[in-house]
Amino acid sequence: MKVGIIDYGMGNLFSVEQAVKRLGYEVIVSSEIEQLKQADTFILPGVGAFADAIGCLEKTGLNHFVYEIAEQQKPLLGICLGMQLLFEDSEENGFFKGLGIFKGTIRRFDDEKVRVPHMGWNNLTFTPNWQEPKELVDYYVYFVHSYYGVDLAPEQLVAYAEYEGIRVPGIVQKGNVTGMQFHPEKSGTCGMTLLKNWLQQVEGETQS
């Protein structure tokens with residue numbers, strides 16, 4: 001199975017690429033749509049500001065490619081900012097429309113109530129919407145972000161972390177599209193297991 005990593009100029013591409021390769025998959029890293037179309041499944045990474053990222057996607061036309069992936073029911077995984085871009089809108093430095101695949105808004109943590117950014121290891125709690133991986137002893141993953149999803153559709157929430165009383169969406173899913181707010185490639189055994197399970201699941205679906 002070939003995994004396409006969408007390069008729109010704002011991603012932690014190398015670490016994601018290496019993680020996928022360590023799991024035994026062929027990787028295509030590209031900003032060219034025709035090259036990406038050779039892949040079977042896709043990852044949308046991201047580091048930086050929401051508005052800049054949406055601007056880059058629109059400038060390159062990769063926003064339309066993401067819509068095409070979703071419409072054709074091909075598997076897509078958004079990581080960190082890549083997950084946030086899949087929401088309806090963001091309040092980061094203004095108000096900006098997102099890709100609208102997931103319901104909800106990206107909002108900043110309240111500096112007066114919690115330490116910002118949310119950085120470090122947190123335990124994931126899984127909802128009944130997804131079967132948690134039984135091979136893991138714990139579900140600690142690494143977060144680093146100042147904004148998080150609110151007003152989600154309950155059926156789209158797969159797993160969350162508690163951060164000083166705030167329920168932070170950790171994994172969301174709608175049909176063939178999945179989002180992970182944490183960095184699976186930086187989250188040790190747990191993160192790599194979650195990434196491996198996702199890849200194995202979509203590999204099975206693409207071959208069926």
# chains A, B, ... in the order shown; residues from 1 in each chain; ligands from 1

$ residues_around --residues "stretch 70-77 of chain A" --least-positions-apart "5" --cutoff "9 Å" --atoms "only C-alpha atoms" --output "JSON, numbers by chain"
{"A": [40, 41, 42, 43, 44, 45, 65, 82, 83, 101, 175, 176, 177, 178, 179, 180, 198, 202, 206]}

$ closest_atom_pairs --of "stretch 91-186 of chain A" --to "stretch 18-22 of chain A" --cutoff "10 Å" --atoms "only C-alpha atoms" --output "Markdown table"
| residue | atom | partner | partner_atom | distance |
| --- | --- | --- | --- | --- |
| A:Pro184 | CA | A:Ala19 | CA | 8.7 |
| A:Glu185 | CA | A:Ala19 | CA | 5.7 |
| A:Lys186 | CA | A:Ala19 | CA | 8.8 |

$ write_last_selection --atoms "all heavy atoms" --output "mmCIF file, in the first residue's frame"
data_model
loop_
_atom_site.group_PDB
_atom_site.id
_atom_site.type_symbol
_atom_site.label_atom_id
_atom_site.label_comp_id
_atom_site.auth_asym_id
_atom_site.auth_seq_id
_atom_site.Cartn_x
_atom_site.Cartn_y
_atom_site.Cartn_z
ATOM 1 N N PRO A 184 1.146 11.143 16.597
ATOM 2 C CA PRO A 184 1.396 9.702 16.786
ATOM 3 C C PRO A 184 2.853 9.338 16.542
ATOM 4 O O PRO A 184 3.398 8.447 17.197
ATOM 5 C CB PRO A 184 0.470 9.042 15.750
ATOM 6 C CG PRO A 184 0.191 10.102 14.740
ATOM 7 C CD PRO A 184 0.203 11.394 15.511
ATOM 8 N N GLU A 185 3.498 10.061 15.616
ATOM 9 C CA GLU A 185 4.893 9.743 15.279
ATOM 10 C C GLU A 185 5.859 10.144 16.386
ATOM 11 O O GLU A 185 7.022 9.748 16.362
ATOM 12 C CB GLU A 185 5.283 10.432 13.959
ATOM 13 C CG GLU A 185 5.567 11.924 14.054
ATOM 14 C CD GLU A 185 4.339 12.824 14.129
ATOM 15 O OE1 GLU A 185 3.209 12.288 14.224
ATOM 16 O OE2 GLU A 185 4.503 14.050 14.090
ATOM 17 N N LYS A 186 5.384 10.932 17.378
ATOM 18 C CA LYS A 186 6.221 11.348 18.500
ATOM 19 C C LYS A 186 5.718 10.785 19.830
ATOM 20 O O LYS A 186 6.176 11.211 20.883
ATOM 21 C CB LYS A 186 6.264 12.882 18.579
ATOM 22 C CG LYS A 186 6.869 13.546 17.359
ATOM 23 C CD LYS A 186 6.867 15.066 17.487
ATOM 24 C CE LYS A 186 7.450 15.738 16.251
ATOM 25 N NZ LYS A 186 7.418 17.219 16.355
#

$ residues_around --residues "stretch 144-161 of chain A" --least-positions-apart "5" --cutoff "7 Å" --atoms "only C-alpha atoms" --output "MDAnalysis selection string"
chainID A and resid 103:109 116:120 122:127 129:130 167:174

$ atom_distance --atom1 "atom CA of A:Leu195" --atom2 "atom CA of A:Ser15"
12.8 Å

$ select_by_dssp --residues "stretch 29-200 of chain A" --states "strand (DSSP E)" --output "ChimeraX atom specification"
/A:29-30,41-44,76-79,87-90,96-97,102-108,118-123,125-126,140-145,147-150,157-163,166-174,177-180

$ closest_residue --among "A:Lys113, A:Lys59, A:Lys134, A:Lys196" --to "A:Gly165" --atoms "only C-alpha atoms"
A:Lys113

$ select_by_dssp --residues "stretch 13-194 of chain A" --states "alpha helix (DSSP H)" --output "PyMOL selection string"
chain A and resi 13-22+33-36+50-60+62-71+81-84+188-194

$ write_last_selection --atoms "C-alpha atoms" --output "PDB file, in the first residue's frame"
ATOM      1  CA  LEU A  13       6.808  15.867   6.864  1.00  0.00           C
ATOM      2  CA  PHE A  14      10.068  14.109   7.714  1.00  0.00           C
ATOM      3  CA  SER A  15       8.988  12.652  11.065  1.00  0.00           C
ATOM      4  CA  VAL A  16       5.663  11.454   9.666  1.00  0.00           C
ATOM      5  CA  GLU A  17       7.349  10.009   6.584  1.00  0.00           C
ATOM      6  CA  GLN A  18       9.901   8.115   8.671  1.00  0.00           C
ATOM      7  CA  ALA A  19       7.221   6.762  11.005  1.00  0.00           C
ATOM      8  CA  VAL A  20       5.187   5.385   8.103  1.00  0.00           C
ATOM      9  CA  LYS A  21       8.299   3.880   6.512  1.00  0.00           C
ATOM     10  CA  ARG A  22       9.249   2.191   9.809  1.00  0.00           C
ATOM     11  CA  ILE A  33      -1.789  16.204  -7.151  1.00  0.00           C
ATOM     12  CA  GLU A  34      -0.979  13.830 -10.014  1.00  0.00           C
ATOM     13  CA  GLN A  35       1.827  12.266  -7.977  1.00  0.00           C
ATOM     14  CA  LEU A  36      -0.351  11.996  -4.883  1.00  0.00           C
ATOM     15  CA  PHE A  50      -4.638  27.747  10.817  1.00  0.00           C
ATOM     16  CA  ALA A  51      -5.091  30.759   8.491  1.00  0.00           C
ATOM     17  CA  ASP A  52      -1.677  30.298   6.887  1.00  0.00           C
ATOM     18  CA  ALA A  53      -2.335  26.602   6.344  1.00  0.00           C
ATOM     19  CA  ILE A  54      -5.756  27.125   4.759  1.00  0.00           C
ATOM     20  CA  GLY A  55      -4.186  29.782   2.555  1.00  0.00           C
ATOM     21  CA  CYS A  56      -1.488  27.355   1.410  1.00  0.00           C
ATOM     22  CA  LEU A  57      -4.045  24.646   0.645  1.00  0.00           C
ATOM     23  CA  GLU A  58      -6.152  27.066  -1.405  1.00  0.00           C
ATOM     24  CA  LYS A  59      -3.150  28.537  -3.228  1.00  0.00           C
ATOM     25  CA  THR A  60      -1.941  25.103  -4.313  1.00  0.00           C
ATOM     26  CA  LEU A  62      -4.786  20.914  -2.537  1.00  0.00           C
ATOM     27  CA  ASN A  63      -7.980  21.862  -0.692  1.00  0.00           C
ATOM     28  CA  HIS A  64      -9.947  20.564  -3.685  1.00  0.00           C
ATOM     29  CA  PHE A  65      -7.839  17.407  -3.656  1.00  0.00           C
ATOM     30  CA  VAL A  66      -8.748  16.811   0.024  1.00  0.00           C
ATOM     31  CA  TYR A  67     -12.432  17.164  -0.883  1.00  0.00           C
ATOM     32  CA  GLU A  68     -11.905  14.709  -3.725  1.00  0.00           C
ATOM     33  CA  ILE A  69     -10.316  12.192  -1.343  1.00  0.00           C
ATOM     34  CA  ALA A  70     -13.301  12.454   1.005  1.00  0.00           C
ATOM     35  CA  GLU A  71     -15.880  12.230  -1.803  1.00  0.00           C
ATOM     36  CA  LEU A  81      -2.980  21.170  12.581  1.00  0.00           C
ATOM     37  CA  GLY A  82      -3.908  18.812   9.752  1.00  0.00           C
ATOM     38  CA  MET A  83      -6.782  17.535  11.901  1.00  0.00           C
ATOM     39  CA  GLN A  84      -7.876  21.075  12.803  1.00  0.00           C
ATOM     40  CA  GLY A 188       6.253   6.271  21.492  1.00  0.00           C
ATOM     41  CA  THR A 189       4.755   2.792  21.425  1.00  0.00           C
ATOM     42  CA  CYS A 190       1.192   4.001  21.866  1.00  0.00           C
ATOM     43  CA  GLY A 191       1.328   6.513  19.030  1.00  0.00           C
ATOM     44  CA  MET A 192       3.028   4.126  16.640  1.00  0.00           C
ATOM     45  CA  THR A 193       0.514   1.404  17.520  1.00  0.00           C
ATOM     46  CA  LEU A 194      -2.395   3.744  16.803  1.00  0.00           C
TER      47      LEU A 194
END

$ atom_distance --atom1 "atom CA of A:Glu32" --atom2 "atom CA of A:Glu92"
27.9 Å

$ residues_around --residues "A:Asp89" --least-positions-apart "2" --cutoff "8 Å" --atoms "only C-alpha atoms" --output "PDB file with all heavy atoms, in the first residue's frame"
ATOM      1  N   LEU A  85      -7.629  21.565  10.432  1.00  0.00           N
ATOM      2  CA  LEU A  85      -8.046  22.082   9.130  1.00  0.00           C
ATOM      3  C   LEU A  85      -9.306  21.397   8.618  1.00  0.00           C
ATOM      4  O   LEU A  85     -10.029  21.952   7.784  1.00  0.00           O
ATOM      5  CB  LEU A  85      -6.926  21.903   8.111  1.00  0.00           C
ATOM      6  CG  LEU A  85      -5.642  22.695   8.370  1.00  0.00           C
ATOM      7  CD1 LEU A  85      -4.557  22.259   7.402  1.00  0.00           C
ATOM      8  CD2 LEU A  85      -5.887  24.192   8.261  1.00  0.00           C
ATOM      9  N   PHE A  87     -11.943  20.777  10.316  1.00  0.00           N
ATOM     10  CA  PHE A  87     -13.142  21.277  10.997  1.00  0.00           C
ATOM     11  C   PHE A  87     -13.790  22.407  10.207  1.00  0.00           C
ATOM     12  O   PHE A  87     -13.250  22.895   9.217  1.00  0.00           O
ATOM     13  CB  PHE A  87     -12.778  21.729  12.411  1.00  0.00           C
ATOM     14  CG  PHE A  87     -12.715  20.599  13.401  1.00  0.00           C
ATOM     15  CD1 PHE A  87     -11.662  19.689  13.374  1.00  0.00           C
ATOM     16  CD2 PHE A  87     -13.703  20.425  14.347  1.00  0.00           C
ATOM     17  CE1 PHE A  87     -11.600  18.642  14.275  1.00  0.00           C
ATOM     18  CE2 PHE A  87     -13.658  19.389  15.250  1.00  0.00           C
ATOM     19  CZ  PHE A  87     -12.613  18.490  15.219  1.00  0.00           C
ATOM     20  N   GLU A  91     -11.048  29.996  15.209  1.00  0.00           N
ATOM     21  CA  GLU A  91     -10.996  31.322  15.800  1.00  0.00           C
ATOM     22  C   GLU A  91      -9.558  31.760  16.060  1.00  0.00           C
ATOM     23  O   GLU A  91      -9.318  32.683  16.827  1.00  0.00           O
ATOM     24  CB  GLU A  91     -11.801  31.342  17.103  1.00  0.00           C
ATOM     25  CG  GLU A  91     -13.281  31.024  16.908  1.00  0.00           C
ATOM     26  CD  GLU A  91     -14.040  30.914  18.214  1.00  0.00           C
ATOM     27  OE1 GLU A  91     -13.398  31.045  19.284  1.00  0.00           O
ATOM     28  OE2 GLU A  91     -15.262  30.689  18.175  1.00  0.00           O
ATOM     29  N   PHE A  95     -11.278  34.851  12.326  1.00  0.00           N
ATOM     30  CA  PHE A  95     -12.243  33.793  12.030  1.00  0.00           C
ATOM     31  C   PHE A  95     -11.992  33.312  10.608  1.00  0.00           C
ATOM     32  O   PHE A  95     -12.011  34.105   9.663  1.00  0.00           O
ATOM     33  CB  PHE A  95     -13.676  34.306  12.163  1.00  0.00           C
ATOM     34  CG  PHE A  95     -14.713  33.249  11.898  1.00  0.00           C
ATOM     35  CD1 PHE A  95     -15.096  32.361  12.884  1.00  0.00           C
ATOM     36  CD2 PHE A  95     -15.288  33.126  10.631  1.00  0.00           C
ATOM     37  CE1 PHE A  95     -16.046  31.367  12.638  1.00  0.00           C
ATOM     38  CE2 PHE A  95     -16.234  32.148  10.370  1.00  0.00           C
ATOM     39  CZ  PHE A  95     -16.609  31.273  11.381  1.00  0.00           C
ATOM     40  N   PHE A  96     -11.763  32.002  10.456  1.00  0.00           N
ATOM     41  CA  PHE A  96     -11.418  31.457   9.159  1.00  0.00           C
ATOM     42  C   PHE A  96     -12.177  30.155   8.922  1.00  0.00           C
ATOM     43  O   PHE A  96     -12.314  29.337   9.834  1.00  0.00           O
ATOM     44  CB  PHE A  96      -9.910  31.202   9.062  1.00  0.00           C
ATOM     45  CG  PHE A  96      -9.087  32.440   9.258  1.00  0.00           C
ATOM     46  CD1 PHE A  96      -8.617  32.790  10.519  1.00  0.00           C
ATOM     47  CD2 PHE A  96      -8.808  33.276   8.188  1.00  0.00           C
ATOM     48  CE1 PHE A  96      -7.868  33.940  10.714  1.00  0.00           C
ATOM     49  CE2 PHE A  96      -8.053  34.434   8.372  1.00  0.00           C
ATOM     50  CZ  PHE A  96      -7.592  34.768   9.628  1.00  0.00           C
ATOM     51  N   LYS A  97     -12.648  29.987   7.712  1.00  0.00           N
ATOM     52  CA  LYS A  97     -13.349  28.770   7.340  1.00  0.00           C
ATOM     53  C   LYS A  97     -12.355  27.625   7.141  1.00  0.00           C
ATOM     54  O   LYS A  97     -11.302  27.797   6.527  1.00  0.00           O
ATOM     55  CB  LYS A  97     -14.145  28.981   6.051  1.00  0.00           C
ATOM     56  CG  LYS A  97     -15.401  29.809   6.226  1.00  0.00           C
ATOM     57  CD  LYS A  97     -16.457  29.029   7.001  1.00  0.00           C
ATOM     58  CE  LYS A  97     -17.777  29.781   7.068  1.00  0.00           C
ATOM     59  NZ  LYS A  97     -18.783  29.007   7.841  1.00  0.00           N
ATOM     60  N   GLY A  98     -12.731  26.453   7.659  1.00  0.00           N
ATOM     61  CA  GLY A  98     -11.942  25.257   7.440  1.00  0.00           C
ATOM     62  C   GLY A  98     -12.517  24.424   6.315  1.00  0.00           C
ATOM     63  O   GLY A  98     -13.371  24.893   5.552  1.00  0.00           O
ATOM     64  N   LEU A  99     -12.087  23.189   6.213  1.00  0.00           N
ATOM     65  CA  LEU A  99     -12.542  22.312   5.137  1.00  0.00           C
ATOM     66  C   LEU A  99     -13.915  21.729   5.396  1.00  0.00           C
ATOM     67  O   LEU A  99     -14.568  21.231   4.477  1.00  0.00           O
ATOM     68  CB  LEU A  99     -11.512  21.196   4.916  1.00  0.00           C
ATOM     69  CG  LEU A  99     -10.127  21.699   4.463  1.00  0.00           C
ATOM     70  CD1 LEU A  99      -9.128  20.552   4.434  1.00  0.00           C
ATOM     71  CD2 LEU A  99     -10.206  22.369   3.100  1.00  0.00           C
ATOM     72  N   GLY A 100     -14.371  21.751   6.652  1.00  0.00           N
ATOM     73  CA  GLY A 100     -15.750  21.415   6.957  1.00  0.00           C
ATOM     74  C   GLY A 100     -16.121  19.949   6.910  1.00  0.00           C
ATOM     75  O   GLY A 100     -17.302  19.614   6.827  1.00  0.00           O
ATOM     76  N   GLY A 104     -17.699  21.388  13.988  1.00  0.00           N
ATOM     77  CA  GLY A 104     -17.080  22.003  15.153  1.00  0.00           C
ATOM     78  C   GLY A 104     -16.166  23.154  14.794  1.00  0.00           C
ATOM     79  O   GLY A 104     -15.889  23.437  13.620  1.00  0.00           O
ATOM     80  N   THR A 105     -15.700  23.815  15.853  1.00  0.00           N
ATOM     81  CA  THR A 105     -14.856  25.006  15.738  1.00  0.00           C
ATOM     82  C   THR A 105     -13.536  24.774  16.465  1.00  0.00           C
ATOM     83  O   THR A 105     -13.497  24.093  17.482  1.00  0.00           O
ATOM     84  CB  THR A 105     -15.575  26.218  16.358  1.00  0.00           C
ATOM     85  OG1 THR A 105     -16.744  26.516  15.578  1.00  0.00           O
ATOM     86  CG2 THR A 105     -14.686  27.450  16.420  1.00  0.00           C
ATOM     87  N   ILE A 106     -12.474  25.355  15.948  1.00  0.00           N
ATOM     88  CA  ILE A 106     -11.167  25.309  16.605  1.00  0.00           C
ATOM     89  C   ILE A 106     -11.026  26.578  17.440  1.00  0.00           C
ATOM     90  O   ILE A 106     -11.091  27.684  16.909  1.00  0.00           O
ATOM     91  CB  ILE A 106     -10.025  25.203  15.575  1.00  0.00           C
ATOM     92  CG1 ILE A 106     -10.205  23.945  14.706  1.00  0.00           C
ATOM     93  CG2 ILE A 106      -8.685  25.182  16.293  1.00  0.00           C
ATOM     94  CD1 ILE A 106     -10.271  22.646  15.479  1.00  0.00           C
TER      95      ILE A 106
END

$ atom_distance --atom1 "atom CA of A:Glu135" --atom2 "atom CA of A:Gly204"
18.9 Å

$ decode --residues "stretch 145-159 of chain A" --atoms "all heavy atoms" --output "mmCIF file, in the first residue's frame"
data_model
loop_
_atom_site.group_PDB
_atom_site.id
_atom_site.type_symbol
_atom_site.label_atom_id
_atom_site.label_comp_id
_atom_site.auth_asym_id
_atom_site.auth_seq_id
_atom_site.Cartn_x
_atom_site.Cartn_y
_atom_site.Cartn_z
ATOM 1 N N HIS A 145 -0.177 21.950 21.417
ATOM 2 C CA HIS A 145 -1.106 22.794 20.663
ATOM 3 C C HIS A 145 -1.739 23.816 21.610
ATOM 4 O O HIS A 145 -1.842 23.608 22.812
ATOM 5 C CB HIS A 145 -2.217 21.951 20.004
ATOM 6 C CG HIS A 145 -3.060 21.179 20.971
ATOM 7 N ND1 HIS A 145 -4.429 21.314 21.045
ATOM 8 C CD2 HIS A 145 -2.735 20.262 21.917
ATOM 9 C CE1 HIS A 145 -4.901 20.509 21.985
ATOM 10 N NE2 HIS A 145 -3.891 19.862 22.528
ATOM 11 N N SER A 146 -2.166 24.928 21.016
ATOM 12 C CA SER A 146 -2.824 26.001 21.771
ATOM 13 C C SER A 146 -4.309 26.104 21.450
ATOM 14 O O SER A 146 -5.036 26.847 22.111
ATOM 15 C CB SER A 146 -2.157 27.347 21.460
ATOM 16 O OG SER A 146 -0.786 27.328 21.822
ATOM 17 N N TYR A 147 -4.749 25.365 20.440
ATOM 18 C CA TYR A 147 -6.145 25.394 20.000
ATOM 19 C C TYR A 147 -6.688 23.971 19.967
ATOM 20 O O TYR A 147 -5.938 23.015 19.732
ATOM 21 C CB TYR A 147 -6.251 26.037 18.618
ATOM 22 C CG TYR A 147 -5.913 27.515 18.609
ATOM 23 C CD1 TYR A 147 -4.581 27.929 18.626
ATOM 24 C CD2 TYR A 147 -6.904 28.478 18.600
ATOM 25 C CE1 TYR A 147 -4.260 29.285 18.636
ATOM 26 C CE2 TYR A 147 -6.596 29.836 18.605
ATOM 27 C CZ TYR A 147 -5.270 30.226 18.623
ATOM 28 O OH TYR A 147 -4.948 31.560 18.642
ATOM 29 N N TYR A 148 -7.993 23.837 20.177
ATOM 30 C CA TYR A 148 -8.604 22.506 20.212
ATOM 31 C C TYR A 148 -10.029 22.583 19.689
ATOM 32 O O TYR A 148 -10.621 23.668 19.578
ATOM 33 C CB TYR A 148 -8.570 21.936 21.630
ATOM 34 C CG TYR A 148 -9.491 22.631 22.611
ATOM 35 C CD1 TYR A 148 -10.636 21.997 23.092
ATOM 36 C CD2 TYR A 148 -9.224 23.922 23.073
ATOM 37 C CE1 TYR A 148 -11.482 22.629 23.997
ATOM 38 C CE2 TYR A 148 -10.056 24.560 23.976
ATOM 39 C CZ TYR A 148 -11.187 23.908 24.432
ATOM 40 O OH TYR A 148 -12.026 24.532 25.325
ATOM 41 N N GLY A 149 -10.590 21.435 19.363
ATOM 42 C CA GLY A 149 -11.918 21.379 18.787
ATOM 43 C C GLY A 149 -13.018 21.461 19.831
ATOM 44 O O GLY A 149 -12.948 20.804 20.867
ATOM 45 N N VAL A 150 -14.047 22.268 19.548
ATOM 46 C CA VAL A 150 -15.230 22.370 20.409
ATOM 47 C C VAL A 150 -16.477 22.212 19.534
ATOM 48 O O VAL A 150 -16.408 22.330 18.315
ATOM 49 C CB VAL A 150 -15.280 23.713 21.176
ATOM 50 C CG1 VAL A 150 -14.068 23.861 22.070
ATOM 51 C CG2 VAL A 150 -15.372 24.892 20.211
ATOM 52 N N ASP A 151 -17.604 21.946 20.194
ATOM 53 C CA ASP A 151 -18.902 21.798 19.516
ATOM 54 C C ASP A 151 -18.877 20.686 18.470
ATOM 55 O O ASP A 151 -19.444 20.821 17.375
ATOM 56 C CB ASP A 151 -19.332 23.121 18.861
ATOM 57 C CG ASP A 151 -19.443 24.259 19.875
ATOM 58 O OD1 ASP A 151 -19.818 23.977 21.037
ATOM 59 O OD2 ASP A 151 -19.166 25.407 19.511
ATOM 60 N N LEU A 152 -18.230 19.592 18.809
ATOM 61 C CA LEU A 152 -18.152 18.459 17.897
ATOM 62 C C LEU A 152 -19.485 17.727 17.812
ATOM 63 O O LEU A 152 -20.317 17.808 18.725
ATOM 64 C CB LEU A 152 -17.087 17.457 18.370
ATOM 65 C CG LEU A 152 -15.618 17.769 18.122
ATOM 66 C CD1 LEU A 152 -15.118 18.872 19.008
ATOM 67 C CD2 LEU A 152 -14.784 16.511 18.330
ATOM 68 N N ALA A 153 -19.674 16.970 16.744
ATOM 69 C CA ALA A 153 -20.757 15.997 16.677
ATOM 70 C C ALA A 153 -20.350 14.802 17.540
ATOM 71 O O ALA A 153 -19.272 14.237 17.333
ATOM 72 C CB ALA A 153 -20.988 15.560 15.237
ATOM 73 N N PRO A 154 -21.156 14.420 18.533
ATOM 74 C CA PRO A 154 -20.750 13.347 19.467
ATOM 75 C C PRO A 154 -20.345 12.068 18.766
ATOM 76 O O PRO A 154 -19.406 11.381 19.211
ATOM 77 C CB PRO A 154 -22.004 13.141 20.331
ATOM 78 C CG PRO A 154 -22.735 14.446 20.253
ATOM 79 C CD PRO A 154 -22.477 14.980 18.875
ATOM 80 N N GLU A 155 -21.013 11.741 17.672
ATOM 81 C CA GLU A 155 -20.706 10.484 16.993
ATOM 82 C C GLU A 155 -19.365 10.523 16.273
ATOM 83 O O GLU A 155 -18.847 9.483 15.857
ATOM 84 C CB GLU A 155 -21.819 10.127 16.001
ATOM 85 C CG GLU A 155 -21.940 11.039 14.790
ATOM 86 C CD GLU A 155 -22.788 12.289 15.039
ATOM 87 O OE1 GLU A 155 -23.126 12.561 16.217
ATOM 88 O OE2 GLU A 155 -23.100 12.981 14.048
ATOM 89 N N GLN A 156 -18.770 11.718 16.116
ATOM 90 C CA GLN A 156 -17.477 11.833 15.445
ATOM 91 C C GLN A 156 -16.300 11.774 16.418
ATOM 92 O O GLN A 156 -15.152 11.677 15.984
ATOM 93 C CB GLN A 156 -17.429 13.131 14.630
ATOM 94 C CG GLN A 156 -18.411 13.146 13.471
ATOM 95 C CD GLN A 156 -18.414 14.451 12.695
ATOM 96 O OE1 GLN A 156 -17.625 15.359 12.963
ATOM 97 N NE2 GLN A 156 -19.312 14.566 11.726
ATOM 98 N N LEU A 157 -16.584 11.844 17.719
ATOM 99 C CA LEU A 157 -15.510 11.802 18.716
ATOM 100 C C LEU A 157 -15.146 10.360 19.043
ATOM 101 O O LEU A 157 -15.985 9.582 19.483
ATOM 102 C CB LEU A 157 -15.941 12.531 19.990
ATOM 103 C CG LEU A 157 -14.899 12.564 21.115
ATOM 104 C CD1 LEU A 157 -13.650 13.331 20.684
ATOM 105 C CD2 LEU A 157 -15.490 13.171 22.386
ATOM 106 N N VAL A 158 -13.892 10.024 18.831
ATOM 107 C CA VAL A 158 -13.408 8.668 19.063
ATOM 108 C C VAL A 158 -12.676 8.554 20.396
ATOM 109 O O VAL A 158 -12.874 7.599 21.147
ATOM 110 C CB VAL A 158 -12.470 8.240 17.910
ATOM 111 C CG1 VAL A 158 -11.714 6.961 18.264
ATOM 112 C CG2 VAL A 158 -13.264 8.056 16.640
ATOM 113 N N ALA A 159 -11.815 9.540 20.711
ATOM 114 C CA ALA A 159 -11.037 9.506 21.945
ATOM 115 C C ALA A 159 -10.720 10.936 22.370
ATOM 116 O O ALA A 159 -10.608 11.829 21.530
ATOM 117 C CB ALA A 159 -9.752 8.702 21.766
#
